[in-house]
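Enquirer: This one is run35.cif, mmCIF, C-alpha atoms and all ligand atoms.
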```cif
data_model
loop_
_atom_site.label_atom_id
_atom_site.label_comp_id
_atom_site.auth_asym_id
_atom_site.auth_seq_id
_atom_site.Cartn_x
_atom_site.Cartn_y
_atom_site.Cartn_z
CA MET R 1 -17.49 3.23 15.73
CA THR R 2 -20.03 1.59 13.44
CA GLU R 3 -19.78 -1.65 11.52
CA SER R 4 -19.20 0.28 8.31
CA THR R 5 -16.29 2.29 9.71
CA LEU R 6 -13.05 1.76 7.80
CA ARG R 7 -10.43 0.74 10.37
CA ILE R 8 -6.92 1.80 9.43
CA GLY R 9 -4.16 0.12 11.43
CA LEU R 10 -1.15 2.17 12.45
CA ILE R 11 1.11 -0.62 13.64
CA LEU R 12 3.74 0.04 16.30
CA PRO R 13 4.15 3.83 15.89
CA ASP R 14 5.85 3.79 19.32
CA VAL R 15 8.86 1.97 17.83
CA MET R 16 8.41 2.49 14.09
CA GLY R 17 7.43 6.16 14.09
CA THR R 18 10.79 7.87 13.57
CA TYR R 19 10.28 9.10 10.00
CA GLY R 20 6.77 10.55 9.99
CA ASP R 21 5.31 7.52 8.23
CA GLY R 22 2.28 7.69 10.55
CA GLY R 23 1.16 10.31 8.02
CA ASN R 24 0.21 7.44 5.70
CA ALA R 25 -2.61 6.44 8.05
CA LEU R 26 -3.74 10.10 8.26
CA VAL R 27 -3.83 10.39 4.47
CA LEU R 28 -5.87 7.19 4.15
CA ARG R 29 -8.33 8.43 6.77
CA GLN R 30 -8.66 11.87 5.17
CA ARG R 31 -9.10 10.58 1.62
CA ALA R 32 -11.74 8.11 2.88
CA ARG R 33 -13.59 10.87 4.73
CA MET R 34 -13.49 13.10 1.63
CA ARG R 35 -15.50 10.35 -0.09
CA GLY R 36 -18.06 10.39 2.74
CA LEU R 37 -16.75 7.18 4.32
CA ASP R 38 -16.44 6.76 8.08
CA ALA R 39 -12.82 6.03 8.89
CA GLU R 40 -10.69 5.77 12.00
CA ILE R 41 -7.06 5.05 12.84
CA VAL R 42 -6.43 2.17 15.24
CA GLU R 43 -3.01 2.52 16.88
CA ILE R 44 -1.41 -0.74 17.93
CA THR R 45 1.56 -0.31 20.29
CA LEU R 46 3.98 -2.73 21.98
CA ASP R 47 1.36 -3.00 24.77
CA ASP R 48 -1.28 -4.37 22.40
CA ASP R 49 -2.09 -7.59 20.62
CA VAL R 50 -2.27 -7.14 16.82
CA PRO R 51 -5.84 -7.76 15.62
CA ASP R 52 -6.55 -9.60 12.37
CA SER R 53 -9.76 -7.60 11.84
CA LEU R 54 -8.43 -4.27 10.55
CA ASP R 55 -9.21 -3.19 6.98
CA VAL R 56 -5.71 -1.97 6.11
CA TYR R 57 -2.36 -2.06 7.96
CA THR R 58 0.40 0.56 7.81
CA LEU R 59 3.91 0.28 9.27
CA GLY R 60 6.67 2.90 9.32
CA GLY R 61 10.44 3.04 9.29
CA ALA R 62 12.68 2.73 12.33
CA GLU R 63 16.26 2.66 13.49
CA ASP R 64 17.89 -0.74 13.94
CA PHE R 65 17.21 -1.24 17.67
CA ALA R 66 13.56 -0.11 17.56
CA GLN R 67 13.10 -2.26 14.48
CA ARG R 68 14.21 -5.30 16.50
CA LEU R 69 11.53 -4.65 19.16
CA ALA R 70 8.91 -4.42 16.41
CA THR R 71 10.13 -7.68 14.86
CA ARG R 72 9.80 -9.52 18.16
CA HIS R 73 6.31 -8.13 18.80
CA LEU R 74 5.03 -9.04 15.34
CA SER R 75 6.49 -12.55 15.63
CA GLN R 76 4.56 -13.09 18.86
CA HIS R 77 1.31 -11.34 17.81
CA THR R 78 0.43 -12.65 14.39
CA GLY R 79 -2.88 -10.91 13.55
CA MET R 80 -1.38 -8.93 10.67
CA GLN R 81 0.02 -12.10 9.09
CA ARG R 82 -3.48 -13.67 9.23
CA ALA R 83 -5.03 -10.53 7.74
CA ALA R 84 -2.45 -10.50 4.92
CA ALA R 85 -3.13 -14.18 4.20
CA ALA R 86 -6.83 -13.24 3.89
CA GLY R 87 -5.93 -10.55 1.32
CA ARG R 88 -6.09 -7.43 3.53
CA PRO R 89 -3.78 -4.65 2.26
CA VAL R 90 -0.58 -3.98 4.21
CA LEU R 91 1.78 -1.06 3.58
CA ALA R 92 5.32 -1.47 4.94
CA ILE R 93 7.77 1.44 4.81
CA CYS R 94 11.58 1.08 4.91
CA ALA R 95 12.55 -0.82 8.08
CA ALA R 96 9.15 -2.52 7.88
CA ILE R 97 10.18 -4.16 4.58
CA GLN R 98 13.14 -5.63 6.40
CA VAL R 99 11.01 -6.77 9.37
CA LEU R 100 8.51 -8.42 7.01
CA GLY R 101 11.24 -10.34 5.16
CA HIS R 102 12.90 -13.67 6.05
CA TRP R 103 15.78 -11.98 7.84
CA TYR R 104 17.83 -8.79 7.92
CA ARG R 105 21.35 -7.97 9.00
CA THR R 106 21.79 -4.72 10.94
CA ALA R 107 24.53 -2.18 10.29
CA ALA R 108 26.28 -3.69 13.38
CA GLY R 109 26.29 -7.11 11.67
CA GLU R 110 23.62 -8.84 13.76
CA LYS R 111 21.27 -11.16 11.84
CA VAL R 112 17.61 -10.93 12.93
CA ASP R 113 14.82 -13.26 11.77
CA GLY R 114 11.85 -11.42 10.23
CA ILE R 115 8.22 -12.53 10.04
CA GLY R 116 8.38 -13.94 6.50
CA LEU R 117 5.55 -12.03 4.81
CA PHE R 118 7.97 -11.01 2.08
CA ASP R 119 10.28 -13.36 0.18
CA CYS R 120 13.29 -11.10 0.73
CA THR R 121 16.41 -10.62 2.84
CA THR R 122 18.27 -7.43 3.72
CA SER R 123 21.97 -6.77 4.30
CA PRO R 124 23.83 -3.48 4.83
CA MET R 125 25.20 -1.52 1.88
CA ALA R 126 28.66 0.08 2.00
CA ALA R 127 27.06 3.52 2.29
CA ARG R 128 23.70 4.82 3.43
CA ALA R 129 21.24 5.80 0.67
CA ILE R 130 19.72 9.20 1.41
CA GLY R 131 17.74 11.46 -0.89
CA GLU R 132 14.85 11.86 -3.25
CA LEU R 133 13.64 8.65 -4.88
CA VAL R 134 11.51 8.52 -8.04
CA THR R 135 10.25 5.30 -9.63
CA THR R 136 7.99 4.08 -12.41
CA PRO R 137 5.40 1.79 -10.84
CA LEU R 138 5.18 -1.84 -11.93
CA LEU R 139 1.96 -2.56 -10.04
CA ASP R 140 -1.21 -3.07 -12.13
CA GLY R 141 -3.55 -0.17 -11.46
CA LEU R 142 -0.82 2.45 -10.99
CA SER R 143 0.28 4.71 -13.83
CA GLN R 144 1.75 7.78 -12.12
CA PRO R 145 5.44 7.94 -11.12
CA LEU R 146 6.06 7.37 -7.41
CA SER R 147 7.89 9.95 -5.30
CA GLY R 148 9.50 9.54 -1.89
CA PHE R 149 12.54 10.20 0.28
CA GLU R 150 14.83 7.27 1.05
CA ASN R 151 17.08 6.99 4.10
CA HIS R 152 18.41 3.48 4.68
CA ARG R 153 21.53 1.39 4.90
CA GLY R 154 19.84 -1.93 4.18
CA ALA R 155 19.84 -3.39 0.64
CA THR R 156 16.91 -5.72 0.01
CA ASP R 157 17.33 -8.81 -2.16
CA LEU R 158 14.00 -10.12 -3.53
CA GLY R 159 13.29 -13.84 -3.91
CA SER R 160 11.14 -15.23 -6.72
CA ALA R 161 7.80 -14.84 -4.86
CA ALA R 162 8.33 -11.10 -4.39
CA LYS R 163 8.18 -8.51 -7.18
CA PRO R 164 9.52 -4.95 -7.10
CA LEU R 165 7.04 -2.08 -6.73
CA GLY R 166 8.82 0.12 -9.26
CA THR R 167 11.81 0.77 -11.50
CA VAL R 168 14.18 3.44 -10.17
CA ARG R 169 14.47 6.66 -12.19
CA HIS R 170 16.27 8.64 -9.51
CA GLY R 171 17.86 7.40 -6.28
CA THR R 172 19.01 3.99 -5.03
CA GLY R 173 15.94 1.88 -4.17
CA ASN R 174 16.48 -1.72 -3.04
CA GLY R 175 20.22 -1.48 -3.72
CA VAL R 176 20.58 -4.95 -5.34
CA ASN R 177 19.30 -6.70 -8.49
CA GLY R 178 19.43 -3.60 -10.66
CA PRO R 179 17.44 -0.37 -10.50
CA VAL R 180 14.38 -1.70 -8.68
CA GLU R 181 12.53 -0.40 -5.64
CA GLY R 182 10.12 -1.84 -3.14
CA VAL R 183 8.33 -5.16 -2.81
CA VAL R 184 4.91 -6.48 -3.77
CA GLN R 185 3.75 -9.89 -2.64
CA GLY R 186 0.02 -10.63 -2.64
CA SER R 187 -1.75 -7.79 -0.83
CA VAL R 188 1.42 -6.62 0.94
CA ILE R 189 3.34 -3.64 -0.46
CA GLY R 190 6.73 -2.45 0.80
CA THR R 191 8.73 0.60 -0.20
CA TYR R 192 11.74 2.60 0.97
CA MET R 193 9.79 5.82 0.32
CA HIS R 194 9.18 8.16 3.23
CA GLY R 195 7.52 11.51 2.66
CA PRO R 196 5.05 10.40 3.91
CA LEU R 197 4.58 8.19 0.86
CA LEU R 198 0.80 8.52 0.54
CA ALA R 199 0.83 12.33 0.85
CA ARG R 200 3.03 12.39 -2.26
CA ASN R 201 1.33 9.54 -4.13
CA PRO R 202 -2.47 9.87 -4.07
CA GLU R 203 -2.92 7.17 -6.71
CA LEU R 204 -1.31 4.62 -4.40
CA ALA R 205 -3.37 5.90 -1.44
CA ASP R 206 -6.57 5.35 -3.43
CA TYR R 207 -5.33 1.95 -4.62
CA LEU R 208 -4.99 0.87 -0.97
CA LEU R 209 -8.38 2.38 -0.08
CA ALA R 210 -10.02 0.53 -2.96
CA GLN R 211 -8.46 -2.73 -1.75
CA ALA R 212 -9.53 -2.00 1.83
CA THR R 213 -13.12 -1.06 1.00
CA GLY R 214 -13.72 -3.32 -2.01
CA THR R 215 -15.08 -0.30 -3.92
CA THR R 216 -13.85 2.06 -6.61
CA LEU R 217 -13.43 5.61 -5.35
CA ALA R 218 -14.34 8.79 -7.19
CA PRO R 219 -11.23 10.85 -8.04
CA LEU R 220 -10.35 13.83 -5.82
CA ASP R 221 -9.19 17.12 -7.30
CA LEU R 222 -6.55 18.47 -4.90
CA PRO R 223 -4.32 21.10 -6.56
CA GLU R 224 -2.07 21.29 -3.47
CA VAL R 225 -1.17 17.61 -3.91
CA ASP R 226 -0.34 18.22 -7.60
CA GLN R 227 1.80 21.16 -6.53
CA LEU R 228 3.63 19.01 -3.94
CA ARG R 229 4.34 16.38 -6.59
CA ARG R 230 5.71 18.95 -9.02
CA GLU R 231 8.00 20.32 -6.30
CA ARG R 232 9.30 16.90 -5.27
CA PHE R 233 9.95 15.75 -8.86
CA ALA R 234 11.81 19.03 -9.51
CA ALA R 235 13.92 18.41 -6.39
CA ALA R 236 14.98 15.02 -7.79
CA ARG R 237 16.46 16.45 -10.96
N1 LIG A 301 17.39 0.68 9.98
C1 LIG A 301 17.08 0.41 8.61
C2 LIG A 301 18.19 0.77 7.62
O1 LIG A 301 18.99 1.64 7.86
C3 LIG A 301 15.82 1.14 8.21
C4 LIG A 301 15.92 2.62 8.32
C5 LIG A 301 14.60 3.28 8.05
O2 LIG A 301 13.55 2.75 8.32
N2 LIG A 301 14.69 4.51 7.61
O3 LIG A 301 18.24 0.17 6.55
#
```
I need this file expressed as structure tokens, please.
Ligand code: GLN
Expert:
Amino acid sequence: MTESTLRIGLILPDVMGTYGDGGNALVLRQRARMRGLDAEIVEITLDDDVPDSLDVYTLGGAEDFAQRLATRHLSQHTGMQRAAAAGRPVLAICAAIQVLGHWYRTAAGEKVDGIGLFDCTTSPMAARAIGELVTTPLLDGLSQPLSGFENHRGATDLGSAAKPLGTVRHGTGNGVNGPVEGVVQGSVIGTYMHGPLLARNPELADYLLAQATGTTLAPLDLPEVDQLRRERFAAAR
């Protein structure tokens, strides 16, 4: 590892790795390497402290019990919160939105305090939302529709400090406050999109890389990614 190596955090894949969201860290590493940048994935498990020195943080979805273990660990090891306060990008998928909020209520009715990086709370919906999700991004710097696969029971209610990531075109999204999806607050982005998200949405991957490196990246021409997007948008019709 050199000083100029981009360090991509994969946070708690041992408990928040159920839905393949670890692929987001792989996509970030690969797209950085394709630009000639040194990049490595730093896995932080329940056995580790969470450093505040990583360049970008990614967290994946989880089932309710595993999600609770992650919440406790991140409340006790607060490096990611310090990094977020310093403007480092954080990507939180599905259960991780809920963990990063003020609190969430599990499907069994238990209320669990989150770590408060997002001004939001989450409560169960009557039915689970499962299926293709397509949104129009609301984040400055993104112009391409976002594609993902949602699978959650929680409905996330945003407070005034949090903004949605997109407007829902297909699927459920946050499940309250109209057809909105995801959360953006400072440098922290949350979404219910699995897929993995960044394999389907290269513009968002490069947005995060630009934030993490402080540079603008040359575009990549990857026809297989275009093909994947076409297929997923067709599946949502
Ligand atoms: N357990 C949470 C829910 O059902 C999150 C699930 C997930 O991460 N896919 O809402």
Enquirer: Could you list, as a PyMOL selection string, all the residues within 7 Å of ligand LIG 301 (chain A), counting all atoms listed in the file?
Expert: chain R and resi 19+60-64+67+93-96+124+151-154
Enquirer: Work out how far atom CA of R:Leu117 is from atom CA of R:Ala70, in Å to one decimal.
Expert: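 Spanning atom CA of R:Ala70 to atom CA of R:Leu117 is a straight-line distance of 14.3 Å.
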Enquirer: List as a list of chain:residue names the protein and nucleic acid residues near R:Thr172, meaning an atom at most 9 Å away when only C-alpha atoms are counted, but skip any in the same chain fewer than 5 places from it.
Expert: R:Ala129, R:Ile130, R:Gly131, R:Leu133, R:Glu150, R:Pro179, R:Val180, R:Glu181
Enquirer: From the options R:Val112, R:Met80, R:Val134, R:Ala107, which residue's atoms come nearest to R:Leu197, counting all atoms listed in the file?
Expert: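 Smallest separation from R:Leu197 among the options: R:Val134.
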Enquirer: Just how far from atom CA of R:Glu43 is atom CA of R:Arg7, in Å to one decimal?
Expert: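 Result for atom CA of R:Arg7 versus atom CA of R:Glu43: 10.0 Å, one decimal.
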Enquirer: For each of R:Asp206, R:Glu231, R:Asp221, R:Asp119, take the minimum atom-to-atom distance to R:Gln185, counting all atoms listed in the file, then give the residue where this is smallest.
Expert: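 Going through R:Asp206, R:Glu231, R:Asp221, R:Asp119 one by one, the smallest distance to R:Gln185 is for R:Asp119.
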Enquirer: Taking only C-alpha atoms into account, name the residue in R:Leu146, R:Leu26, R:Ala161, R:Ile11 that is nearest to R:Leu91.
Expert: R:Ile11
Enquirer: Taking all atoms listed in the file into account, which of R:Thr191, R:Ser160, R:Thr106, R:Asn177 comes nearest R:Pro137?
Expert: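 Among the listed residues, the smallest separation from R:Pro137 belongs to R:Thr191.
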Enquirer: Counting only C-alpha atoms, find the residues whose atoms lie at most 10 Å from (17.6, -0.6, -10.9) (file coordinates) and write them out as a PyMOL selection string.
Expert: chain R and resi 135+164+166-181
Enquirer: Expressed in Å to a single decimal, how great is the separation between atom CA of R:Ala199 and atom CA of R:Arg237?
Expert: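 Going from atom CA of R:Ala199 over to atom CA of R:Arg237 covers 20.0 Å.
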Enquirer: Near R:Gly116, counting all atoms listed in the file, which residues have an atom at most 8 Å away, once you skip same-chain residues fewer than 5 positions from it, shown as a count of residues only?
Expert: 4
Enquirer: Excluding R:Thr213 and its own-chain neighbours fewer than 4 positions away, which residues fall within 9 Å of it when counting all atoms listed in the file? Please give them as a ChimeraX atom specification.
Expert: /R:6,55,208-209
Enquirer: Convert the current residue selection to file output with C-alpha atoms, as a compact mmCIF listing (two decimals), keeping the file's coordinate frame.
Expert:
```txt
# COMPACT_ATOMS: atom_id res chain seq x y z
CA LEU R 6 -13.05 1.76 7.80
CA ASP R 55 -9.21 -3.19 6.98
CA LEU R 208 -4.99 0.87 -0.97
CA LEU R 209 -8.38 2.38 -0.08
```
Enquirer: I'd like to know which of R:Thr5, R:Thr18, R:Asn201, R:Ser187 is closest to R:Gln144, using all atoms listed in the file.
Expert: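 Checking each of R:Thr5, R:Thr18, R:Asn201, R:Ser187 against R:Gln144, counting all atoms listed in the file, the winner is R:Asn201.
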Enquirer: Taking all listed atoms of stretch 138-149 of chain R, build the axis-aligned box, pad each of the six sides by 6 Å, then write its centre and edge lengths in Å to one decimal as lines of an AutoDock Vina configuration file.
Expert:
```
center_x = 4.5
center_y = 3.6
center_z = -6.8
size_x = 28.1
size_y = 25.3
size_z = 26.1
```
Enquirer: Of the candidates R:Ser147, R:Thr216, R:Ser4, R:Gly79, which one gets nearest to R:Gly195 if we count all atoms listed in the file?
Expert: R:Ser147
Enquirer: With 6 Å as the threshold, what does the neighbourhood of (-11.1, 10.8, 10.5) contain in terms of residues, counting only C-alpha atoms? Coordinates are those of the file; answer as a list of chain:residue names.
Expert: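 Residues close enough to count: R:Arg29, R:Gln30, R:Ala39, R:Glu40.
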Enquirer: Go ahead and save the picked residues with C-alpha atoms, as a PDB file, in the coordinates of the input.
Expert:
```pdb
ATOM      1  CA  ARG R  29      -8.330   8.430   6.770  1.00  0.00           C
ATOM      2  CA  GLN R  30      -8.660  11.870   5.170  1.00  0.00           C
ATOM      3  CA  ALA R  39     -12.820   6.030   8.890  1.00  0.00           C
ATOM      4  CA  GLU R  40     -10.690   5.770  12.000  1.00  0.00           C
TER       5      GLU R  40
END
```
Enquirer: Would you pick out the contacts of stretch 22-24 of chain R at 6 Å or less, using all atoms listed in the file, so that residues sharing its chain but fewer than 2 positions from it are not included, and give the list as a PyMOL selection string?
Expert: chain R and resi 20+26-27+196+198
